[in-house]
Structures are given as structure tokens and as C-alpha cells.
>>> print(open('data-v5.tsv').read())   # TSV, C-alpha atoms
chain	number	residue	atom	x	y	z
A	1	MET	CA	62.40	-55.72	62.31
A	2	GLU	CA	62.78	-52.78	59.91
A	3	CYS	CA	59.96	-50.30	60.22
A	4	LEU	CA	57.51	-49.28	57.55
A	5	HIS	CA	56.62	-45.67	56.83
A	6	TYR	CA	59.88	-43.83	57.17
A	7	GLU	CA	62.31	-42.02	54.89
A	8	LYS	CA	66.00	-41.24	55.00
A	9	GLY	CA	67.09	-37.72	55.82
A	10	ASP	CA	70.37	-35.83	55.77
A	11	LYS	CA	73.45	-36.92	57.74
A	12	ASN	CA	72.16	-40.45	58.34
A	13	THR	CA	68.95	-39.27	60.01
A	14	VAL	CA	65.59	-40.92	59.39
A	15	ILE	CA	62.13	-39.36	59.37
A	16	CYS	CA	59.40	-41.54	60.86
A	17	ASN	CA	56.05	-41.04	59.13
A	18	LEU	CA	53.95	-43.38	61.26
A	19	CYS	CA	52.36	-40.72	63.43
A	20	PRO	CA	51.84	-36.94	63.34
A	21	HIS	CA	55.00	-36.26	65.36
A	22	ASN	CA	57.01	-37.17	62.24
A	23	CYS	CA	60.12	-37.57	64.39
A	24	VAL	CA	63.48	-36.77	62.83
A	25	ILE	CA	65.74	-39.36	64.48
A	26	ARG	CA	69.52	-39.21	64.51
A	27	GLU	CA	71.76	-42.26	64.34
A	28	GLY	CA	71.41	-44.35	67.50
A	29	ASN	CA	68.44	-42.37	68.85
A	30	ILE	CA	64.79	-43.29	69.33
A	31	GLY	CA	61.56	-41.47	68.56
A	32	ILE	CA	59.08	-40.01	71.04
A	33	CYS	CA	57.39	-43.43	71.24
A	34	ARG	CA	60.61	-45.10	72.57
A	35	VAL	CA	60.18	-48.10	70.28
A	36	ARG	CA	61.53	-46.97	66.89
A	37	ARG	CA	65.32	-46.50	66.66
A	38	ASN	CA	67.68	-45.30	63.97
A	39	VAL	CA	70.22	-48.10	63.52
A	40	ASN	CA	72.82	-47.29	60.86
A	41	GLY	CA	70.33	-45.18	58.92
A	42	ARG	CA	67.51	-47.75	59.12
A	43	LEU	CA	64.46	-47.34	61.35
A	44	MET	CA	64.02	-50.47	63.44
A	45	ALA	CA	61.04	-51.59	65.57
A	46	LEU	CA	62.43	-52.42	69.02
A	47	ASN	CA	59.16	-53.90	70.31
A	48	TYR	CA	58.37	-56.18	67.36
A	49	GLY	CA	56.69	-59.34	68.68
A	50	LYS	CA	57.34	-58.39	72.30
A	51	ILE	CA	54.35	-58.82	74.60
A	52	THR	CA	54.09	-57.24	78.05
A	53	SER	CA	50.57	-58.36	78.95
A	54	TYR	CA	47.87	-60.72	77.77
A	55	ALA	CA	44.50	-61.78	79.15
A	56	TYR	CA	41.04	-62.95	78.16
A	57	ASP	CA	38.50	-60.16	78.67
A	58	PRO	CA	34.85	-59.60	77.85
A	59	VAL	CA	34.83	-57.37	74.79
A	60	GLU	CA	32.90	-54.84	76.91
A	61	LYS	CA	36.13	-54.10	78.82
A	62	LYS	CA	37.78	-52.52	75.76
A	63	PRO	CA	35.19	-50.88	75.95
A	64	LEU	CA	33.12	-52.10	73.01
A	65	TYR	CA	29.40	-52.37	73.80
A	66	HIS	CA	28.07	-52.77	70.27
A	67	PHE	CA	30.50	-55.38	68.97
A	68	TYR	CA	29.75	-59.03	69.75
A	69	PRO	CA	28.22	-58.29	73.18
A	70	GLY	CA	29.21	-60.72	75.91
A	71	LYS	CA	31.93	-62.43	73.88
A	72	PRO	CA	35.46	-62.93	75.27
A	73	ILE	CA	38.50	-61.74	73.36
A	74	LEU	CA	42.23	-62.28	73.79
A	75	SER	CA	43.84	-58.97	74.75
A	76	ILE	CA	47.55	-58.42	74.11
A	77	GLY	CA	49.83	-55.43	74.50
A	78	SER	CA	53.43	-54.44	74.02
A	79	TYR	CA	55.14	-51.26	75.23
A	80	GLY	CA	55.58	-47.70	73.99
A	81	CYS	CA	53.24	-44.83	73.23
A	82	ASN	CA	53.38	-41.73	71.03
A	83	LEU	CA	51.44	-39.54	73.48
A	84	SER	CA	52.44	-38.72	77.03
A	85	CYS	CA	49.20	-38.12	78.91
A	86	ASP	CA	49.61	-36.87	82.46
A	87	PHE	CA	46.80	-39.22	83.54
A	88	CYS	CA	48.05	-42.36	81.73
A	89	GLN	CA	46.39	-45.45	83.21
A	90	ASN	CA	49.02	-47.88	81.86
A	91	TRP	CA	52.14	-45.74	82.25
A	92	GLU	CA	54.25	-48.67	83.45
A	93	ILE	CA	54.20	-50.26	79.99
A	94	ALA	CA	53.65	-47.11	77.97
A	95	HIS	CA	56.53	-45.07	79.40
A	96	ASP	CA	58.61	-47.24	81.72
A	97	GLU	CA	60.92	-50.22	81.39
A	98	CYS	CA	59.03	-53.51	81.60
A	99	LEU	CA	59.44	-57.23	81.18
A	100	THR	CA	58.45	-58.72	77.84
A	101	MET	CA	57.84	-62.13	76.34
A	102	GLU	CA	57.73	-63.39	72.77
A	103	ILE	CA	54.88	-65.62	71.64
A	104	GLU	CA	55.08	-67.43	68.32
A	105	LYS	CA	52.43	-66.57	65.74
A	106	GLU	CA	51.11	-70.13	65.84
A	107	ASP	CA	50.62	-69.85	69.60
A	108	ILE	CA	48.99	-66.43	69.27
A	109	LEU	CA	46.56	-67.94	66.78
A	110	LEU	CA	45.80	-70.80	69.17
A	111	LEU	CA	45.27	-68.42	72.09
A	112	SER	CA	43.08	-66.12	70.04
A	113	SER	CA	40.65	-68.95	69.25
A	114	SER	CA	40.61	-70.53	72.72
A	115	ARG	CA	38.14	-70.02	75.58
A	116	GLY	CA	35.50	-68.83	73.14
A	117	SER	CA	37.63	-65.85	72.08
A	118	ILE	CA	36.48	-64.07	68.92
A	119	GLY	CA	40.02	-62.92	68.08
A	120	ILE	CA	42.55	-60.39	69.35
A	121	ALA	CA	42.25	-56.96	70.93
A	122	TYR	CA	45.46	-54.95	70.58
A	123	THR	CA	45.44	-52.83	73.72
A	124	TYR	CA	47.14	-51.88	77.04
A	125	ASN	CA	49.79	-49.66	75.41
A	126	GLU	CA	49.30	-47.78	72.13
A	127	PRO	CA	48.90	-50.57	69.52
A	128	SER	CA	49.87	-48.44	66.52
A	129	MET	CA	53.38	-48.38	68.02
A	130	SER	CA	53.49	-52.10	67.17
A	131	TYR	CA	52.43	-51.27	63.63
A	132	GLU	CA	54.51	-53.82	61.74
A	133	TYR	CA	53.64	-56.64	64.11
A	134	ILE	CA	49.91	-55.90	64.12
A	135	ARG	CA	49.82	-55.48	60.37
A	136	GLY	CA	51.32	-58.95	59.97
A	137	ILE	CA	49.41	-60.82	62.69
A	138	SER	CA	46.05	-59.22	61.82
A	139	LYS	CA	46.19	-60.74	58.34
A	140	VAL	CA	46.71	-64.20	59.87
A	141	ILE	CA	43.87	-63.67	62.35
A	142	ARG	CA	41.51	-62.48	59.61
A	143	LYS	CA	42.46	-65.43	57.37
A	144	HIS	CA	41.29	-67.80	60.12
A	145	GLY	CA	37.91	-66.12	60.47
A	146	LEU	CA	38.72	-64.29	63.70
A	147	LYS	CA	38.36	-60.61	64.60
A	148	ASN	CA	40.92	-57.84	65.09
A	149	VAL	CA	40.19	-55.02	67.52
A	150	MET	CA	42.30	-51.94	68.25
A	151	VAL	CA	42.04	-49.83	71.41
A	152	THR	CA	43.92	-46.74	70.32
A	153	ASN	CA	44.59	-43.06	70.89
A	154	GLY	CA	44.02	-42.50	67.18
A	155	TYR	CA	47.29	-40.59	66.79
A	156	ILE	CA	48.41	-42.05	63.47
A	157	ASN	CA	49.03	-40.67	60.00
A	158	GLU	CA	46.60	-41.30	57.15
A	159	LYS	CA	48.67	-43.64	54.96
A	160	PRO	CA	49.59	-46.23	57.63
A	161	LEU	CA	46.04	-46.08	59.00
A	162	MET	CA	44.47	-46.73	55.62
A	163	GLU	CA	46.81	-49.68	55.01
A	164	LEU	CA	45.83	-51.24	58.34
A	165	LEU	CA	42.08	-50.58	58.35
A	166	PRO	CA	41.11	-53.38	55.91
A	167	TYR	CA	42.16	-55.91	58.57
A	168	ILE	CA	40.59	-54.19	61.60
A	169	ASP	CA	37.04	-55.18	62.57
A	170	ALA	CA	36.47	-52.71	65.40
A	171	MET	CA	38.20	-49.79	67.09
A	172	ASN	CA	37.73	-47.99	70.35
A	173	ILE	CA	39.37	-44.60	69.86
A	174	ASP	CA	40.20	-42.21	72.68
A	175	LEU	CA	38.96	-38.70	72.06
A	176	LYS	CA	40.60	-37.14	75.08
A	177	ALA	CA	39.15	-33.65	74.78
A	178	MET	CA	37.68	-31.23	72.26
A	179	THR	CA	40.38	-28.59	72.59
A	180	ASP	CA	43.84	-28.54	71.09
A	181	GLN	CA	45.07	-26.84	74.26
A	182	PHE	CA	44.23	-29.96	76.31
A	183	TYR	CA	46.02	-32.22	73.83
A	184	LYS	CA	49.13	-30.04	73.72
A	185	LYS	CA	49.44	-29.37	77.44
A	186	ILE	CA	48.27	-32.66	78.98
A	187	CYS	CA	48.85	-35.25	76.22
A	188	LYS	CA	51.76	-33.74	74.26
A	189	GLY	CA	49.92	-34.10	70.96
A	190	SER	CA	47.20	-32.38	68.97
A	191	LEU	CA	43.47	-32.85	68.43
A	192	LYS	CA	42.98	-32.73	64.66
A	193	PRO	CA	44.85	-35.95	63.75
A	194	VAL	CA	42.67	-37.89	66.20
A	195	GLN	CA	39.51	-36.43	64.70
A	196	GLU	CA	40.73	-37.36	61.23
A	197	THR	CA	41.41	-40.94	62.37
A	198	ILE	CA	37.88	-41.22	63.77
A	199	LYS	CA	36.33	-39.93	60.55
A	200	ARG	CA	38.38	-42.29	58.37
A	201	ALA	CA	37.89	-45.32	60.58
A	202	ALA	CA	34.13	-44.79	60.85
A	203	GLN	CA	33.85	-45.14	57.09
A	204	SER	CA	35.23	-48.68	57.04
A	205	THR	CA	34.96	-50.39	60.43
A	206	HIS	CA	32.98	-50.45	63.66
A	207	VAL	CA	34.00	-47.50	65.85
A	208	GLU	CA	33.28	-46.60	69.47
A	209	ILE	CA	34.76	-43.60	71.27
A	210	THR	CA	35.98	-43.13	74.84
A	211	THR	CA	36.43	-39.80	76.62
A	212	LEU	CA	37.94	-39.79	80.11
A	213	ILE	CA	36.13	-37.04	81.99
A	214	ILE	CA	38.42	-34.93	84.21
A	215	GLU	CA	36.57	-32.25	86.12
A	216	GLY	CA	37.83	-28.76	85.36
A	217	LYS	CA	39.95	-29.94	82.43
A	218	ASN	CA	37.61	-31.29	79.73
A	219	SER	CA	34.20	-31.43	81.41
A	220	SER	CA	32.63	-28.02	80.78
A	221	GLU	CA	29.12	-27.79	79.33
A	222	LYS	CA	30.54	-26.05	76.28
A	223	GLU	CA	33.00	-28.86	75.64
A	224	MET	CA	30.40	-31.58	76.18
A	225	GLU	CA	28.13	-29.81	73.69
A	226	ALA	CA	31.01	-29.71	71.21
A	227	LEU	CA	31.80	-33.39	71.84
A	228	GLY	CA	28.25	-34.54	71.17
A	229	GLN	CA	27.79	-32.33	68.14
A	230	TRP	CA	31.07	-33.32	66.54
A	231	ILE	CA	30.53	-37.09	66.91
A	232	ALA	CA	26.95	-36.71	65.65
A	233	SER	CA	28.26	-34.91	62.56
A	234	ILE	CA	29.92	-38.22	61.64
A	235	ASP	CA	27.24	-40.61	62.88
A	236	GLU	CA	24.82	-40.18	65.79
A	237	ASN	CA	24.88	-43.96	66.28
A	238	ILE	CA	28.57	-44.11	67.26
A	239	PRO	CA	28.63	-45.30	70.90
A	240	LEU	CA	30.36	-42.90	73.30
A	241	HIS	CA	31.86	-44.05	76.61
A	242	LEU	CA	32.30	-41.33	79.24
A	243	SER	CA	34.86	-42.81	81.60
A	244	LYS	CA	35.53	-41.80	85.20
A	245	TYR	CA	38.99	-40.38	85.87
A	246	HIS	CA	41.07	-41.66	88.79
A	247	PRO	CA	44.42	-40.14	89.81
A	248	ALA	CA	47.26	-41.85	87.95
A	249	TYR	CA	50.80	-41.27	86.73
A	250	LYS	CA	51.55	-37.51	86.90
A	251	MET	CA	48.01	-36.27	87.50
A	252	LYS	CA	46.87	-36.14	91.12
A	253	LEU	CA	43.58	-34.25	90.77
A	254	PRO	CA	40.62	-35.69	92.72
A	255	GLU	CA	38.65	-38.43	90.97
A	256	THR	CA	35.69	-37.34	88.88
A	257	LYS	CA	32.40	-37.19	90.76
A	258	TYR	CA	29.53	-39.35	89.58
A	259	ASP	CA	27.28	-36.29	89.23
A	260	ALA	CA	29.74	-34.78	86.75
A	261	LEU	CA	29.53	-37.90	84.61
A	262	VAL	CA	25.73	-37.89	84.68
A	263	LYS	CA	25.68	-34.22	83.71
A	264	ALA	CA	28.08	-34.88	80.82
A	265	LYS	CA	25.96	-37.80	79.66
A	266	ASP	CA	22.77	-35.71	79.73
A	267	ILE	CA	24.41	-33.12	77.49
A	268	VAL	CA	25.85	-35.44	74.85
A	269	LYS	CA	22.68	-37.55	74.82
A	270	LYS	CA	20.97	-34.63	73.08
A	271	TYR	CA	23.05	-35.49	70.03
A	272	LEU	CA	23.99	-39.17	70.32
A	273	ASN	CA	21.86	-42.30	70.52
A	274	TYR	CA	24.19	-44.40	72.66
A	275	VAL	CA	26.10	-42.95	75.62
A	276	TYR	CA	27.56	-45.01	78.47
A	277	ILE	CA	29.31	-44.21	81.75
A	278	GLY	CA	32.48	-46.17	82.46
A	279	ASN	CA	34.60	-46.96	85.54
A	280	VAL	CA	31.58	-46.69	87.83
A	281	TRP	CA	30.26	-49.76	89.64
A	282	GLY	CA	26.53	-50.48	89.38
A	283	VAL	CA	25.64	-47.84	86.79
A	284	ASP	CA	22.95	-48.69	84.21
A	285	ASN	CA	24.88	-49.57	81.06
A	286	ASN	CA	22.15	-51.57	79.37
A	287	THR	CA	21.50	-50.69	75.74
A	288	TYR	CA	18.12	-49.21	74.84
A	289	CYS	CA	16.46	-48.55	71.50
A	290	PRO	CA	16.86	-44.83	70.72
A	291	SER	CA	13.43	-44.83	69.09
A	292	CYS	CA	11.12	-46.65	71.53
A	293	HIS	CA	13.47	-47.16	74.55
A	294	ASN	CA	12.97	-50.92	74.52
A	295	ARG	CA	15.82	-52.69	76.34
A	296	LEU	CA	18.04	-54.32	73.73
A	297	ILE	CA	20.99	-55.65	75.75
A	298	ASN	CA	21.14	-56.54	79.43
A	299	ARG	CA	24.52	-55.92	81.06
A	300	HIS	CA	24.57	-57.30	84.55
A	301	SER	CA	27.01	-60.14	85.22
A	302	ASN	CA	27.11	-60.97	81.50
A	303	ALA	CA	25.87	-59.17	78.42
A	304	GLU	CA	22.73	-60.69	76.95
A	305	ILE	CA	20.94	-59.62	73.75
A	306	ILE	CA	17.21	-59.63	74.50
A	307	GLY	CA	15.58	-57.08	72.20
A	308	ILE	CA	17.23	-57.39	68.80
A	309	LYS	CA	16.28	-59.63	65.89
A	310	ASP	CA	17.89	-59.48	62.45
A	311	GLY	CA	19.61	-56.24	63.43
A	312	ASN	CA	16.38	-54.49	64.40
A	313	CYS	CA	14.55	-53.64	67.62
A	314	VAL	CA	11.93	-56.34	68.20
A	315	LYS	CA	9.43	-53.76	69.45
A	316	CYS	CA	9.54	-50.95	66.87
A	317	GLY	CA	11.73	-52.35	64.06
A	318	ASN	CA	14.32	-49.59	64.35
A	319	LYS	CA	17.72	-50.49	62.82
A	320	ILE	CA	20.26	-50.96	65.63
A	321	ASN	CA	24.01	-50.28	65.41
A	322	ILE	CA	25.12	-53.63	66.87
A	323	VAL	CA	27.55	-56.17	65.39
A	324	TYR	CA	26.82	-59.67	66.73
>>> encode(input="data-v5.tsv", output="C-alpha cells")
Amino acid sequence: MECLHYEKGDKNTVICNLCPHNCVIREGNIGICRVRRNVNGRLMALNYGKITSYAYDPVEKKPLYHFYPGKPILSIGSYGCNLSCDFCQNWEIAHDECLTMEIEKEDILLLSSSRGSIGIAYTYNEPSMSYEYIRGISKVIRKHGLKNVMVTNGYINEKPLMELLPYIDAMNIDLKAMTDQFYKKICKGSLKPVQETIKRAAQSTHVEITTLIIEGKNSSEKEMEALGQWIASIDENIPLHLSKYHPAYKMKLPETKYDALVKAKDIVKKYLNYVYIGNVWGVDNNTYCPSCHNRLINRHSNAEIIGIKDGNCVKCGNKINIVY
């Protein structure tokens, strides 16, 4: 499949404009993502329609806590990524060779509406690296009244993002740190494009944010203050998930302590109405009204809406940022 969002350069090179790397790719070579190749002066998507993993998950696993709580969703992923995070949790499919399968669009549609699924979550690897495939399949999914969800690093240029957003119903966007130094050294990218993606996406679709907390790297009080303040400058009702780091891929630092997560949550809660701790068993991740603290959603074995009616808290009438 020929890629979208590229231009021809000198000496049979191509310039990929999908993400902020803007790779200049010589004949026969691939971009940083490993999935877009220059073939005779045309940029081709090597992973088009190729699936490495699929499963039915509760939407909370994305994580999305304010989007159809308790509902299952078909999760699919391909391979390739345009960042190279030292702590990558899915490095086998993001950066290594892996087995793939091809599933016909008709079968994807059937799977996405089975087992009570509300649609498709594009996840596991970086979904924007399957841009052409997702752009096509998301239109089919939307046409059949189902939902499209992206779990993404947000490292995408404005034009392709804006073309895709009309078909995306929810996004969980990784905001890996609040310093460009972290992005450059640990993720091989930069911070500003991710912030721009969050701002643009929040204007047109449901957005939740995940930050993986790594002690000594992105967990300082100063950075947590900056994280809370910056998200609140867009919308204080955007849910933030503070996720526990475990050693993975190239990073072998000790796992994040629970106390560090609680401390981070206490700081950002000064600015945000909804903050959750992830990757920790047994933690209280129920949703509470930010106005009167009435419990809105129980999350034990299954998510259950108990305190919302017509989009408002049943106790105080406060408008709640929940799609259901």
C-alpha cells in the first residue's frame, strides 16, 4: 500500500511527513519506524493490514476510565513505532521481528461487534504507524455505529492527525514526561509535538492521558506540578493515569514504589479532577464527583456506574466528564 503524507526529494529520495521525524529515506531504505520504505521513489506501508495481536479487553485496560465504563472492546495491533523508549513495554512488536496475520475487513467488522464489543482499540504498538490502514478501517467501523479508540504516543504531525480525528471517538495519549531532555534521551523524540497532539485532540474527541512514573527520571515534585498545571490549562477534567513503571526492554531501574505514585497523585490532584494510579493491584480507582466526592463509578471486578444520571452527579448535579 502506498503511503499518504510524503513527498519526493532529490535523487529518488522521499520525505515522510507523517510524524515529526520527517525522515528523508533513500531508495530501498526504511524510516525510523521500520514500517515505511522507499520503493522505487514511492513510500510504501510495509505493515498495511498486518496484525500481530488481537484480544477483547475491558476499555479500562487501554486505559480509558471515562469512556463507556465496563464495556469490552476489540484491541488490535500491528508492528512498528516512531519512538524508541528505553522502557518500552511492547518492544517485541514495536522494535523486533514478529509474526503477523492478515484479517479481512469483513472479519474485522464482525469481530469488532462480537462479545459485546463497542468497536476497535488500535493499540499494542504505535497505531499511527498503521496510518493508512486505520484511516480506512475506522471509516467502516464508524459507518456501522461502532467506536474507534487510539492508544498512542501522540507523536504525529498536524495534517495527518487532523484528517484522522473525525473518525476517532477516544484517545489515550502517552505524555511520557514534561521535559524535552527526557524525550530526547530516553524516547528519541521531543515533547512539543506530543503536547500539540493533546491540545488538538482534546478539541474534538474524548482524551485521557497516561504518564509512566519512573523514579528519578520524571517523578520530581517540580515535574509533577508542571504536569498537573499543563493538563489543567487545557481542561482540568481530562483524566490522568499515573502508571507504575516495571523494568522492561533496555531500562533496568528498580520498579516504581507505590509511595512515589501516591505522592505524584497528591500533587497533580491539586490541578486535575480525575487522577488514577495504574499497574497497581488493589488500589482505589473508583471515580468520585470532584464537587461533592460522591462515588460515581465502582471499579472492582467490573466497572459499574452508580452515581451518574443524564451526565450529572446524582447527589449534587455536577456535570461529569463521562461518555457512556
>>> closest_residue(input="data-v5.tsv", among="A:Ile32, A:Ile73, A:Val323, A:Met101", to="Val149 in chain A", atoms="only C-alpha atoms")
A:Ile73
>>> residues_around(input="data-v5.tsv", residues="range 306-316 of chain A", least_positions_apart="4", cutoff="8 Å", atoms="all atoms listed in the file", output="list in words")
Cys289, Ser291, Cys292, Asn294, Arg295, Leu296, Ile297, Asn298, Ile320, Asn321 and Ile322 of chain A
>>> closest_residue(input="data-v5.tsv", among="A:Lys176, A:Lys105, A:Lys159, A:Lys11", to="Gly189 in chain A", atoms="all atoms listed in the file")
A:Lys176
>>> residues_around(input="data-v5.tsv", residues="Ser84 in chain A", least_positions_apart="3", cutoff="9 Å", atoms="only C-alpha atoms", output="MDAnalysis selection string")
chainID A and resid 33 81 87:88 91 94:95 186:189
>>> residues_around(input="data-v5.tsv", residues="range 109-124 of chain A", least_positions_apart="5", cutoff="9 Å", atoms="all atoms listed in the file", output="VMD selection string")
chain A and resid 52 to 54 56 to 59 62 68 71 to 79 89 to 90 93 to 94 104 134 137 to 138 140 to 142 144 to 152
>>> atom_distance(input="data-v5.tsv", atom1="CA of His5 in chain A", atom2="CA of Glu102 in chain A")
23.9 Å
>>> closest_residue(input="data-v5.tsv", among="A:Ala303, A:Ile30, A:Leu240, A:Met251", to="Met224 in chain A", atoms="all atoms listed in the file")
A:Leu240
>>> closest_residue(input="data-v5.tsv", among="A:Cys19, A:Lys217, A:Ile267, A:Glu92", to="Ser190 in chain A", atoms="all atoms listed in the file")
A:Cys19
>>> closest_residue(input="data-v5.tsv", among="A:Val207, A:Val35, A:His66, A:Asn157", to="Asn125 in chain A", atoms="only C-alpha atoms")
A:Val35
>>> atom_distance(input="data-v5.tsv", atom1="CA of Val39 in chain A", atom2="CA of Glu106 in chain A")
29.3 Å
>>> residues_around(input="data-v5.tsv", residues="Pro193 in chain A", least_positions_apart="4", cutoff="10 Å", atoms="all atoms listed in the file", output="PyMOL selection string")
chain A and resi 19-20+154-158+189+197-199
>>> axis_aligned_box(input="data-v5.tsv", around="range 26-38 of chain A", padding_each_side="3 Å", output="AutoDock Vina command-line options")
--center_x 64.6 --center_y -43.7 --center_z 68.3 --size_x 20.4 --size_y 14.9 --size_z 14.6
>>> residues_around(input="data-v5.tsv", residues="Tyr131 in chain A", least_positions_apart="3", cutoff="9 Å", atoms="only C-alpha atoms", output="list in words")
Cys3, Leu4, Leu18, Ala45, Tyr48, Pro127, Ser128, Ile134, Arg135, Gly136, Pro160 and Leu164 of chain A
>>> closest_residue(input="data-v5.tsv", among="A:Gln195, A:Thr179, A:Asn47, A:Ser301", to="Arg34 in chain A", atoms="only C-alpha atoms")
A:Asn47
>>> atom_distance(input="data-v5.tsv", atom1="CA of Ile51 in chain A", atom2="CA of Met1 in chain A")
15.0 Å
>>> decode(input="data-v5.tsv", residues="range 80-93 of chain A", atoms="N, CA and C atoms", output="short mmCIF file (atom, residue, chain, number, x, y, z; two decimals), in the first residue's frame")
data_model
loop_
_atom_site.label_atom_id
_atom_site.label_comp_id
_atom_site.auth_asym_id
_atom_site.auth_seq_id
_atom_site.Cartn_x
_atom_site.Cartn_y
_atom_site.Cartn_z
N GLY A 80 5.86 -1.84 14.64
CA GLY A 80 6.50 -0.58 14.31
C GLY A 80 6.17 0.52 15.30
N CYS A 81 7.12 1.43 15.49
CA CYS A 81 6.91 2.59 16.35
C CYS A 81 7.89 3.68 15.93
N ASN A 82 7.48 4.94 16.10
CA ASN A 82 8.34 6.05 15.72
C ASN A 82 9.09 6.66 16.90
N LEU A 83 8.92 6.10 18.11
CA LEU A 83 9.77 6.43 19.24
C LEU A 83 10.55 5.17 19.62
N SER A 84 11.56 5.33 20.42
CA SER A 84 12.35 4.19 20.86
C SER A 84 12.63 4.32 22.35
N CYS A 85 11.57 4.16 23.13
CA CYS A 85 11.67 4.36 24.58
C CYS A 85 12.47 3.23 25.23
N ASP A 86 13.39 3.59 26.09
CA ASP A 86 14.22 2.59 26.76
C ASP A 86 13.39 1.62 27.59
N PHE A 87 12.19 2.07 28.03
CA PHE A 87 11.35 1.27 28.91
C PHE A 87 10.17 0.62 28.18
N CYS A 88 10.23 0.53 26.87
CA CYS A 88 9.10 0.06 26.06
C CYS A 88 8.51 -1.23 26.60
N GLN A 89 7.21 -1.24 26.83
CA GLN A 89 6.52 -2.40 27.39
C GLN A 89 6.18 -3.45 26.32
N ASN A 90 6.10 -3.01 25.07
CA ASN A 90 5.75 -3.92 23.96
C ASN A 90 6.86 -3.92 22.90
N TRP A 91 8.10 -3.98 23.35
CA TRP A 91 9.23 -3.84 22.42
C TRP A 91 9.29 -4.97 21.39
N GLU A 92 8.73 -6.14 21.74
CA GLU A 92 8.81 -7.25 20.80
C GLU A 92 8.11 -6.94 19.49
N ILE A 93 6.97 -6.23 19.56
CA ILE A 93 6.26 -5.89 18.32
C ILE A 93 6.58 -4.48 17.84
#
